[in-house]
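Participant: Next up, input_4.pdb (PDB, C-alpha atoms, pLDDT in the B column).
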ATOM      1  CA  MET A   1     -93.680  76.804-109.268  1.00 38.00           C
ATOM      2  CA  THR A   2     -95.732  78.593-111.904  1.00 41.00           C
ATOM      3  CA  ASN A   3     -94.154  79.461-115.181  1.00 46.00           C
ATOM      4  CA  ASP A   4     -95.402  81.573-118.034  1.00 46.00           C
ATOM      5  CA  THR A   5     -93.859  79.713-120.967  1.00 44.00           C
ATOM      6  CA  ALA A   6     -94.729  82.548-123.329  1.00 46.00           C
ATOM      7  CA  THR A   7     -92.201  84.768-121.569  1.00 48.00           C
ATOM      8  CA  THR A   8     -89.552  82.099-120.909  1.00 60.00           C
ATOM      9  CA  ALA A   9     -86.416  82.751-122.925  1.00 62.00           C
ATOM     10  CA  LEU A  10     -85.206  79.700-124.805  1.00 71.00           C
ATOM     11  CA  PRO A  11     -81.533  78.905-124.260  1.00 82.00           C
ATOM     12  CA  LEU A  12     -81.297  77.142-127.659  1.00 89.00           C
ATOM     13  CA  ALA A  13     -81.088  78.521-131.180  1.00 88.00           C
ATOM     14  CA  PRO A  14     -84.123  77.821-133.386  1.00 92.00           C
ATOM     15  CA  GLY A  15     -83.941  74.992-135.891  1.00 93.00           C
ATOM     16  CA  HIS A  16     -83.607  71.219-136.159  1.00 95.00           C
ATOM     17  CA  TRP A  17     -81.025  69.948-133.675  1.00 95.00           C
ATOM     18  CA  ALA A  18     -79.494  66.575-134.621  1.00 95.00           C
ATOM     19  CA  LEU A  19     -78.844  63.800-132.135  1.00 95.00           C
ATOM     20  CA  ASP A  20     -75.226  63.090-131.230  1.00 94.00           C
ATOM     21  CA  PRO A  21     -75.584  59.281-131.079  1.00 93.00           C
ATOM     22  CA  PHE A  22     -72.095  58.754-129.648  1.00 92.00           C
ATOM     23  CA  HIS A  23     -72.963  60.719-126.516  1.00 93.00           C
ATOM     24  CA  SER A  24     -76.594  59.706-126.053  1.00 95.00           C
ATOM     25  CA  SER A  25     -78.260  56.710-124.462  1.00 95.00           C
ATOM     26  CA  VAL A  26     -81.628  55.260-123.488  1.00 95.00           C
ATOM     27  CA  GLY A  27     -81.481  53.214-120.306  1.00 96.00           C
ATOM     28  CA  PHE A  28     -84.002  51.489-118.082  1.00 94.00           C
ATOM     29  CA  THR A  29     -84.345  49.644-114.786  1.00 94.00           C
ATOM     30  CA  VAL A  30     -86.931  47.074-113.758  1.00 93.00           C
ATOM     31  CA  ARG A  31     -87.229  45.062-110.568  1.00 92.00           C
ATOM     32  CA  HIS A  32     -86.452  41.348-110.757  1.00 90.00           C
ATOM     33  CA  LEU A  33     -88.271  39.148-108.243  1.00 90.00           C
ATOM     34  CA  GLY A  34     -89.158  42.358-106.419  1.00 85.00           C
ATOM     35  CA  ILE A  35     -85.769  42.433-104.696  1.00 89.00           C
ATOM     36  CA  ALA A  36     -83.161  43.690-107.166  1.00 92.00           C
ATOM     37  CA  LYS A  37     -82.948  45.919-110.213  1.00 94.00           C
ATOM     38  CA  VAL A  38     -81.985  44.773-113.678  1.00 92.00           C
ATOM     39  CA  ARG A  39     -80.496  47.567-115.749  1.00 95.00           C
ATOM     40  CA  GLY A  40     -80.337  47.743-119.484  1.00 95.00           C
ATOM     41  CA  ARG A  41     -80.090  50.015-122.447  1.00 96.00           C
ATOM     42  CA  PHE A  42     -80.970  50.199-126.084  1.00 95.00           C
ATOM     43  CA  GLU A  43     -78.039  50.487-128.466  1.00 94.00           C
ATOM     44  CA  ARG A  44     -79.827  52.003-131.490  1.00 95.00           C
ATOM     45  CA  LEU A  45     -81.893  55.153-131.389  1.00 95.00           C
ATOM     46  CA  GLU A  46     -82.753  58.133-133.520  1.00 96.00           C
ATOM     47  CA  ALA A  47     -83.985  61.449-132.207  1.00 96.00           C
ATOM     48  CA  GLU A  48     -84.542  65.001-133.275  1.00 94.00           C
ATOM     49  CA  LEU A  49     -85.099  68.195-131.367  1.00 95.00           C
ATOM     50  CA  PHE A  50     -86.907  71.046-133.084  1.00 95.00           C
ATOM     51  CA  VAL A  51     -86.613  74.426-131.410  1.00 93.00           C
ATOM     52  CA  GLY A  52     -88.926  77.212-132.494  1.00 89.00           C
ATOM     53  CA  GLU A  53     -89.048  80.840-131.466  1.00 86.00           C
ATOM     54  CA  ARG A  54     -91.266  80.021-128.467  1.00 86.00           C
ATOM     55  CA  VAL A  55     -91.330  77.215-125.915  1.00 87.00           C
ATOM     56  CA  GLU A  56     -94.725  76.174-127.323  1.00 88.00           C
ATOM     57  CA  ASP A  57     -92.980  75.375-130.619  1.00 90.00           C
ATOM     58  CA  VAL A  58     -90.385  72.956-129.169  1.00 92.00           C
ATOM     59  CA  ARG A  59     -90.844  69.352-130.311  1.00 95.00           C
ATOM     60  CA  VAL A  60     -88.879  66.189-129.665  1.00 96.00           C
ATOM     61  CA  SER A  61     -89.247  62.899-131.487  1.00 96.00           C
ATOM     62  CA  ALA A  62     -87.359  59.666-130.918  1.00 96.00           C
ATOM     63  CA  THR A  63     -87.395  56.103-132.191  1.00 96.00           C
ATOM     64  CA  VAL A  64     -85.702  53.223-130.371  1.00 96.00           C
ATOM     65  CA  ASP A  65     -84.928  49.876-132.014  1.00 96.00           C
ATOM     66  CA  LEU A  66     -86.215  47.389-129.413  1.00 95.00           C
ATOM     67  CA  ALA A  67     -84.078  44.560-130.843  1.00 95.00           C
ATOM     68  CA  SER A  68     -81.011  46.536-129.735  1.00 96.00           C
ATOM     69  CA  ILE A  69     -81.686  45.781-126.054  1.00 94.00           C
ATOM     70  CA  ASP A  70     -78.556  45.147-123.984  1.00 95.00           C
ATOM     71  CA  THR A  71     -78.848  44.053-120.356  1.00 93.00           C
ATOM     72  CA  GLY A  72     -75.294  42.765-120.135  1.00 93.00           C
ATOM     73  CA  ASN A  73     -76.413  39.148-120.627  1.00 93.00           C
ATOM     74  CA  ALA A  74     -76.731  37.900-124.221  1.00 95.00           C
ATOM     75  CA  ASP A  75     -78.909  34.908-123.296  1.00 93.00           C
ATOM     76  CA  ARG A  76     -81.329  37.100-121.353  1.00 90.00           C
ATOM     77  CA  ASP A  77     -81.421  39.650-124.186  1.00 93.00           C
ATOM     78  CA  ALA A  78     -82.287  36.935-126.720  1.00 94.00           C
ATOM     79  CA  HIS A  79     -85.087  35.699-124.458  1.00 90.00           C
ATOM     80  CA  VAL A  80     -86.474  39.212-123.942  1.00 89.00           C
ATOM     81  CA  ARG A  81     -86.571  39.728-127.732  1.00 92.00           C
ATOM     82  CA  ALA A  82     -88.537  36.477-128.219  1.00 91.00           C
ATOM     83  CA  SER A  83     -92.252  36.222-129.010  1.00 85.00           C
ATOM     84  CA  ASP A  84     -93.248  35.191-125.481  1.00 81.00           C
ATOM     85  CA  LEU A  85     -91.795  38.390-123.991  1.00 84.00           C
ATOM     86  CA  LEU A  86     -91.086  41.649-125.847  1.00 85.00           C
ATOM     87  CA  ASP A  87     -91.725  40.129-129.292  1.00 90.00           C
ATOM     88  CA  VAL A  88     -89.570  42.455-131.398  1.00 93.00           C
ATOM     89  CA  GLU A  89     -91.042  40.947-134.574  1.00 93.00           C
ATOM     90  CA  LYS A  90     -94.431  42.325-133.522  1.00 91.00           C
ATOM     91  CA  ARG A  91     -93.048  45.392-131.699  1.00 92.00           C
ATOM     92  CA  PRO A  92     -89.864  46.457-133.533  1.00 94.00           C
ATOM     93  CA  THR A  93     -89.739  50.013-132.212  1.00 94.00           C
ATOM     94  CA  MET A  94     -90.659  52.305-129.395  1.00 94.00           C
ATOM     95  CA  THR A  95     -91.399  55.913-130.373  1.00 96.00           C
ATOM     96  CA  TYR A  96     -91.887  59.104-128.413  1.00 97.00           C
ATOM     97  CA  ARG A  97     -93.412  62.371-129.626  1.00 97.00           C
ATOM     98  CA  SER A  98     -93.565  65.381-127.368  1.00 97.00           C
ATOM     99  CA  THR A  99     -96.791  67.365-127.178  1.00 96.00           C
ATOM    100  CA  ARG A 100     -95.828  70.088-124.687  1.00 95.00           C
ATOM    101  CA  VAL A 101     -92.661  71.431-123.091  1.00 93.00           C
ATOM    102  CA  SER A 102     -92.600  73.755-120.102  1.00 89.00           C
ATOM    103  CA  GLY A 103     -90.107  74.999-117.550  1.00 86.00           C
ATOM    104  CA  ALA A 104     -87.138  77.291-117.202  1.00 82.00           C
ATOM    105  CA  GLY A 105     -83.454  77.227-116.350  1.00 79.00           C
ATOM    106  CA  GLU A 106     -82.280  73.670-115.708  1.00 82.00           C
ATOM    107  CA  ASP A 107     -85.678  72.119-114.863  1.00 85.00           C
ATOM    108  CA  TRP A 108     -88.193  71.306-117.577  1.00 91.00           C
ATOM    109  CA  THR A 109     -91.145  68.994-118.124  1.00 94.00           C
ATOM    110  CA  MET A 110     -91.919  67.309-121.400  1.00 95.00           C
ATOM    111  CA  GLU A 111     -95.329  65.792-121.994  1.00 97.00           C
ATOM    112  CA  GLY A 112     -95.781  63.416-124.875  1.00 97.00           C
ATOM    113  CA  GLU A 113     -96.933  60.094-126.205  1.00 97.00           C
ATOM    114  CA  LEU A 114     -94.976  56.843-126.041  1.00 97.00           C
ATOM    115  CA  THR A 115     -95.839  54.107-128.520  1.00 96.00           C
ATOM    116  CA  ILE A 116     -94.694  50.512-128.137  1.00 93.00           C
ATOM    117  CA  GLY A 117     -96.041  48.269-130.881  1.00 89.00           C
ATOM    118  CA  GLU A 118     -99.646  49.341-131.461  1.00 91.00           C
ATOM    119  CA  VAL A 119    -100.212  50.839-128.004  1.00 94.00           C
ATOM    120  CA  THR A 120     -99.814  54.563-127.342  1.00 97.00           C
ATOM    121  CA  ARG A 121     -99.984  56.109-123.866  1.00 97.00           C
ATOM    122  CA  PRO A 122     -99.116  59.503-122.409  1.00 97.00           C
ATOM    123  CA  LEU A 123     -95.663  59.838-120.861  1.00 97.00           C
ATOM    124  CA  THR A 124     -94.360  62.846-118.963  1.00 97.00           C
ATOM    125  CA  LEU A 125     -90.615  63.202-118.556  1.00 97.00           C
ATOM    126  CA  ALA A 126     -88.734  65.339-116.049  1.00 96.00           C
ATOM    127  CA  VAL A 127     -85.974  67.016-118.053  1.00 95.00           C
ATOM    128  CA  GLU A 128     -82.777  68.529-116.718  1.00 93.00           C
ATOM    129  CA  PHE A 129     -81.010  70.877-119.108  1.00 91.00           C
ATOM    130  CA  GLY A 130     -77.276  70.253-118.704  1.00 90.00           C
ATOM    131  CA  GLY A 131     -76.161  73.288-120.662  1.00 88.00           C
ATOM    132  CA  LEU A 132     -74.502  74.295-123.904  1.00 90.00           C
ATOM    133  CA  VAL A 133     -70.880  73.929-124.957  1.00 90.00           C
ATOM    134  CA  ASP A 134     -68.853  74.710-128.066  1.00 89.00           C
ATOM    135  CA  VAL A 135     -66.789  71.675-129.118  1.00 88.00           C
ATOM    136  CA  PRO A 136     -63.224  72.807-129.913  1.00 88.00           C
ATOM    137  CA  MET A 137     -62.524  70.046-132.484  1.00 88.00           C
ATOM    138  CA  ASP A 138     -65.136  71.102-135.013  1.00 88.00           C
ATOM    139  CA  GLY A 139     -66.745  74.273-133.643  1.00 86.00           C
ATOM    140  CA  SER A 140     -70.140  72.650-133.247  1.00 89.00           C
ATOM    141  CA  ARG A 141     -72.371  73.578-130.340  1.00 91.00           C
ATOM    142  CA  HIS A 142     -73.878  70.793-128.221  1.00 92.00           C
ATOM    143  CA  ALA A 143     -76.765  70.860-125.758  1.00 93.00           C
ATOM    144  CA  GLY A 144     -77.092  68.182-123.090  1.00 94.00           C
ATOM    145  CA  PHE A 145     -80.218  66.841-121.409  1.00 95.00           C
ATOM    146  CA  GLU A 146     -81.183  64.164-118.920  1.00 96.00           C
ATOM    147  CA  ALA A 147     -84.797  62.995-118.954  1.00 96.00           C
ATOM    148  CA  THR A 148     -86.433  60.558-116.559  1.00 96.00           C
ATOM    149  CA  GLY A 149     -89.840  58.960-116.305  1.00 97.00           C
ATOM    150  CA  GLU A 150     -91.574  55.668-115.759  1.00 97.00           C
ATOM    151  CA  ILE A 151     -94.104  53.433-117.437  1.00 96.00           C
ATOM    152  CA  ARG A 152     -96.278  50.556-116.320  1.00 95.00           C
ATOM    153  CA  ARG A 153     -95.604  47.496-118.486  1.00 91.00           C
ATOM    154  CA  SER A 154     -99.193  46.260-118.477  1.00 91.00           C
ATOM    155  CA  GLU A 155    -100.426  49.525-120.021  1.00 94.00           C
ATOM    156  CA  PHE A 156     -98.436  48.626-123.149  1.00 90.00           C
ATOM    157  CA  GLY A 157     -99.468  44.972-123.277  1.00 88.00           C
ATOM    158  CA  LEU A 158     -96.107  43.899-121.843  1.00 87.00           C
ATOM    159  CA  ASP A 159     -97.536  42.046-118.872  1.00 82.00           C
ATOM    160  CA  PHE A 160     -95.417  38.924-119.301  1.00 79.00           C
ATOM    161  CA  ALA A 161     -93.612  37.369-116.317  1.00 75.00           C
ATOM    162  CA  PRO A 162     -95.726  38.869-113.501  1.00 77.00           C
ATOM    163  CA  GLY A 163     -94.001  38.282-110.188  1.00 80.00           C
ATOM    164  CA  LEU A 164     -90.654  37.843-111.915  1.00 86.00           C
ATOM    165  CA  LEU A 165     -90.453  41.342-113.359  1.00 88.00           C
ATOM    166  CA  GLY A 166     -91.756  44.499-111.762  1.00 90.00           C
ATOM    167  CA  GLU A 167     -94.695  46.362-113.236  1.00 90.00           C
ATOM    168  CA  VAL A 168     -92.870  49.714-113.261  1.00 94.00           C
ATOM    169  CA  VAL A 169     -90.015  50.373-115.677  1.00 95.00           C
ATOM    170  CA  LYS A 170     -87.937  53.453-114.969  1.00 97.00           C
ATOM    171  CA  ILE A 171     -86.535  55.215-118.007  1.00 96.00           C
ATOM    172  CA  GLN A 172     -83.435  57.402-118.155  1.00 97.00           C
ATOM    173  CA  LEU A 173     -82.335  59.260-121.250  1.00 96.00           C
ATOM    174  CA  ASP A 174     -79.007  61.033-121.539  1.00 96.00           C
ATOM    175  CA  MET A 175     -79.037  63.011-124.738  1.00 96.00           C
ATOM    176  CA  GLN A 176     -76.804  65.408-126.602  1.00 95.00           C
ATOM    177  CA  PHE A 177     -78.028  67.371-129.577  1.00 96.00           C
ATOM    178  CA  VAL A 178     -75.995  69.381-132.083  1.00 94.00           C
ATOM    179  CA  GLU A 179     -77.057  72.888-133.008  1.00 93.00           C
ATOM    180  CA  PRO A 180     -77.985  73.430-136.658  1.00 92.00           C
ATOM    181  CA  ARG A 181     -75.096  74.959-138.620  1.00 84.00           C
ATOM    182  CA  ASN A 182     -77.297  77.772-139.927  1.00 72.00           C
ATOM    183  CA  ALA A 183     -78.209  78.883-136.378  1.00 52.00           C
TER     184      ALA A 183
END
As a first step, turn the structure in this file into structure tokens.

Facilitator:
Amino acid sequence: MTNDTATTALPLAPGHWALDPFHSSVGFTVRHLGIAKVRGRFERLEAELFVGERVEDVRVSATVDLASIDTGNADRDAHVRASDLLDVEKRPTMTYRSTRVSGAGEDWTMEGELTIGEVTRPLTLAVEFGGLVDVPMDGSRHAGFEATGEIRRSEFGLDFAPGLLGEVVKIQLDMQFVEPRNA
């Protein structure tokens, strides 16, 4: 499908949209021994969505605290944080900065750069726009998104445990952002 982003109407009001951390998550899956998936998430994240007048002006930035990993097993999480694996002392955060957004309706693509430690690589995410809703309790307006993509661990210097852990890590973000009050 071709799309002229210059003529695509934005469904969001311009401004800095704040993350709703209580209704947002960053999850991942990776193969273990090549036969099963291990699922996990990161408990602490910050993100911001800036919406301009045009699609070309839309920017997303996010920072994830890698020490907040939760795979449902405290012993495994402690080992993953250690210096022989993820090494959160050396790599405390993972950051993402969008460079281009395109699409229309519910289906969008976001190109950007993912940085883990000192390594930065391009990452394209498929984004599904879930819609907008006015929250009755406080009158705020929320926008929901699901974004998916995948990385190769070795491209970020995370090539520990070959054969035990899969090379590909699938990423799933479920995010809600709150419209700026002045919108």

Participant: Find the residue from A:Leu49, A:Ile171, A:Met94, A:Ile69 that sits nearest to Val119 in chain A; use only C-alpha atoms when measuring.

Facilitator: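 Answer, going by the shortest atom-to-atom distance: A:Met94.
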
Participant: Determine the residue set returned by the PyMOL selection byres ((chain A and resi 106) around 8) for the present structure, and present it as a list of chain:residue names.

Facilitator: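 Applied to this file, the PyMOL selection byres ((chain A and resi 106) around 8) returns A:Ala104, A:Gly105, A:Asp107, A:Trp108, A:Val127, A:Glu128, A:Phe129, A:Gly130, A:Gly131.
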
Participant: Counting only C-alpha atoms, which of A:Asp134, A:Asp174, A:Glu89, A:Glu118 gets nearest to Gly157 in chain A?

Facilitator: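 Looking only at the distances to Gly157 in chain A, the closest residue turns out to be A:Glu118.
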
Participant: Any idea what's packed within 12 Å of Val80 in chain A, counting all atoms listed in the file, ignoring anything in its chain fewer than 5 positions away? Could you give it as a PDB file with C-alpha atoms, keeping the file's coordinate frame?

Facilitator:
ATOM      1  CA  GLY A  40     -80.337  47.743-119.484  1.00 95.00           C
ATOM      2  CA  LEU A  66     -86.215  47.389-129.413  1.00 95.00           C
ATOM      3  CA  ALA A  67     -84.078  44.560-130.843  1.00 95.00           C
ATOM      4  CA  SER A  68     -81.011  46.536-129.735  1.00 96.00           C
ATOM      5  CA  ILE A  69     -81.686  45.781-126.054  1.00 94.00           C
ATOM      6  CA  ASP A  70     -78.556  45.147-123.984  1.00 95.00           C
ATOM      7  CA  THR A  71     -78.848  44.053-120.356  1.00 93.00           C
ATOM      8  CA  ASN A  73     -76.413  39.148-120.627  1.00 93.00           C
ATOM      9  CA  ALA A  74     -76.731  37.900-124.221  1.00 95.00           C
ATOM     10  CA  ASP A  75     -78.909  34.908-123.296  1.00 93.00           C
ATOM     11  CA  LEU A  85     -91.795  38.390-123.991  1.00 84.00           C
ATOM     12  CA  LEU A  86     -91.086  41.649-125.847  1.00 85.00           C
ATOM     13  CA  ASP A  87     -91.725  40.129-129.292  1.00 90.00           C
ATOM     14  CA  VAL A  88     -89.570  42.455-131.398  1.00 93.00           C
ATOM     15  CA  GLU A  89     -91.042  40.947-134.574  1.00 93.00           C
ATOM     16  CA  ARG A  91     -93.048  45.392-131.699  1.00 92.00           C
ATOM     17  CA  LEU A 158     -96.107  43.899-121.843  1.00 87.00           C
ATOM     18  CA  PHE A 160     -95.417  38.924-119.301  1.00 79.00           C
ATOM     19  CA  ALA A 161     -93.612  37.369-116.317  1.00 75.00           C
ATOM     20  CA  LEU A 165     -90.453  41.342-113.359  1.00 88.00           C
TER      21      LEU A 165
END

Participant: Residues proximal to (-83.6, 62.0, -126.6) were defined as those with any atom within 12 Å of that point in the file's coordinates, counting all atoms listed in the file. Which are they, as a short mmCIF file (atom, residue, chain, number, x, y, z; two decimals) with C-alpha atoms, in the coordinates of the input?

Facilitator:
data_model
loop_
_atom_site.label_atom_id
_atom_site.label_comp_id
_atom_site.auth_asym_id
_atom_site.auth_seq_id
_atom_site.Cartn_x
_atom_site.Cartn_y
_atom_site.Cartn_z
CA TRP A 17 -81.03 69.95 -133.68
CA ALA A 18 -79.49 66.58 -134.62
CA LEU A 19 -78.84 63.80 -132.14
CA ASP A 20 -75.23 63.09 -131.23
CA PRO A 21 -75.58 59.28 -131.08
CA HIS A 23 -72.96 60.72 -126.52
CA SER A 24 -76.59 59.71 -126.05
CA SER A 25 -78.26 56.71 -124.46
CA VAL A 26 -81.63 55.26 -123.49
CA GLY A 27 -81.48 53.21 -120.31
CA ARG A 44 -79.83 52.00 -131.49
CA LEU A 45 -81.89 55.15 -131.39
CA GLU A 46 -82.75 58.13 -133.52
CA ALA A 47 -83.98 61.45 -132.21
CA GLU A 48 -84.54 65.00 -133.28
CA LEU A 49 -85.10 68.19 -131.37
CA PHE A 50 -86.91 71.05 -133.08
CA ARG A 59 -90.84 69.35 -130.31
CA VAL A 60 -88.88 66.19 -129.66
CA SER A 61 -89.25 62.90 -131.49
CA ALA A 62 -87.36 59.67 -130.92
CA THR A 63 -87.40 56.10 -132.19
CA VAL A 64 -85.70 53.22 -130.37
CA THR A 95 -91.40 55.91 -130.37
CA TYR A 96 -91.89 59.10 -128.41
CA ARG A 97 -93.41 62.37 -129.63
CA SER A 98 -93.56 65.38 -127.37
CA MET A 110 -91.92 67.31 -121.40
CA LEU A 125 -90.62 63.20 -118.56
CA VAL A 127 -85.97 67.02 -118.05
CA GLU A 128 -82.78 68.53 -116.72
CA PHE A 129 -81.01 70.88 -119.11
CA ALA A 143 -76.76 70.86 -125.76
CA GLY A 144 -77.09 68.18 -123.09
CA PHE A 145 -80.22 66.84 -121.41
CA GLU A 146 -81.18 64.16 -118.92
CA ALA A 147 -84.80 63.00 -118.95
CA THR A 148 -86.43 60.56 -116.56
CA ILE A 171 -86.54 55.22 -118.01
CA GLN A 172 -83.44 57.40 -118.16
CA LEU A 173 -82.34 59.26 -121.25
CA ASP A 174 -79.01 61.03 -121.54
CA MET A 175 -79.04 63.01 -124.74
CA GLN A 176 -76.80 65.41 -126.60
CA PHE A 177 -78.03 67.37 -129.58
CA VAL A 178 -76.00 69.38 -132.08
#

Participant: Contacts of range 29-32 of chain A at 9 Å or less, counting all atoms listed in the file, minus same-chain residues fewer than 4 places along, as an mmCIF file with C-alpha atoms, keeping the file's coordinate frame?

Facilitator:
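part-v7.cif was written with the following content:
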data_model
loop_
_atom_site.group_PDB
_atom_site.id
_atom_site.type_symbol
_atom_site.label_atom_id
_atom_site.label_comp_id
_atom_site.auth_asym_id
_atom_site.auth_seq_id
_atom_site.Cartn_x
_atom_site.Cartn_y
_atom_site.Cartn_z
ATOM 1 C CA ALA A 36 -83.161 43.690 -107.166
ATOM 2 C CA LYS A 37 -82.948 45.919 -110.213
ATOM 3 C CA VAL A 38 -81.985 44.773 -113.678
ATOM 4 C CA ARG A 39 -80.496 47.567 -115.749
ATOM 5 C CA GLY A 40 -80.337 47.743 -119.484
ATOM 6 C CA ARG A 41 -80.090 50.015 -122.447
ATOM 7 C CA GLY A 163 -94.001 38.282 -110.188
ATOM 8 C CA LEU A 164 -90.654 37.843 -111.915
ATOM 9 C CA LEU A 165 -90.453 41.342 -113.359
ATOM 10 C CA GLY A 166 -91.756 44.499 -111.762
ATOM 11 C CA GLU A 167 -94.695 46.362 -113.236
ATOM 12 C CA VAL A 168 -92.870 49.714 -113.261
ATOM 13 C CA VAL A 169 -90.015 50.373 -115.677
ATOM 14 C CA LYS A 170 -87.937 53.453 -114.969
ATOM 15 C CA ILE A 171 -86.535 55.215 -118.007
ATOM 16 C CA GLN A 172 -83.435 57.402 -118.155
#

Participant: Could you spell out the hits of the PyMOL selection byres ((chain A and resi 11) around 9) on the shown file, as a PyMOL selection string?

Facilitator: chain A and resi 9-10+12-13+105+131-132

Participant: So, counting all atoms listed in the file, which residue among A:Phe28, A:Phe156, A:Thr99, A:Asp84 is closest to Val55 in chain A?

Facilitator: A:Thr99

Participant: Measure the distance from CA of Pro14 in chain A to CA of Glu53 in chain A in Å and round it to one decimal.

Facilitator: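 Computing it gives 6.1 Å between the two atoms.
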
Participant: Given the file shown, enumerate the residues that the PyMOL selection byres ((chain A and resi 182) around 10) captures and present them as a list in words.

Facilitator: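 Given this file, the PyMOL selection byres ((chain A and resi 182) around 10) evaluates to Ala13, Pro14, Gly15, His16, Glu179, Pro180, Arg181 and Ala183 of chain A.
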
Participant: Take CA of Asp77 in chain A and CA of Pro122 in chain A and report the distance between them in Å, one decimal.

Facilitator: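 CA of Pro122 in chain A lies at a distance of 26.7 Å from CA of Asp77 in chain A.
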
Participant: A:Arg100, A:Arg76, A:Lys90, A:Arg81: which is nearest Arg54 in chain A, counting all atoms listed in the file?

Facilitator: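 Counting all atoms listed in the file, the residue closest to Arg54 in chain A is A:Arg100.
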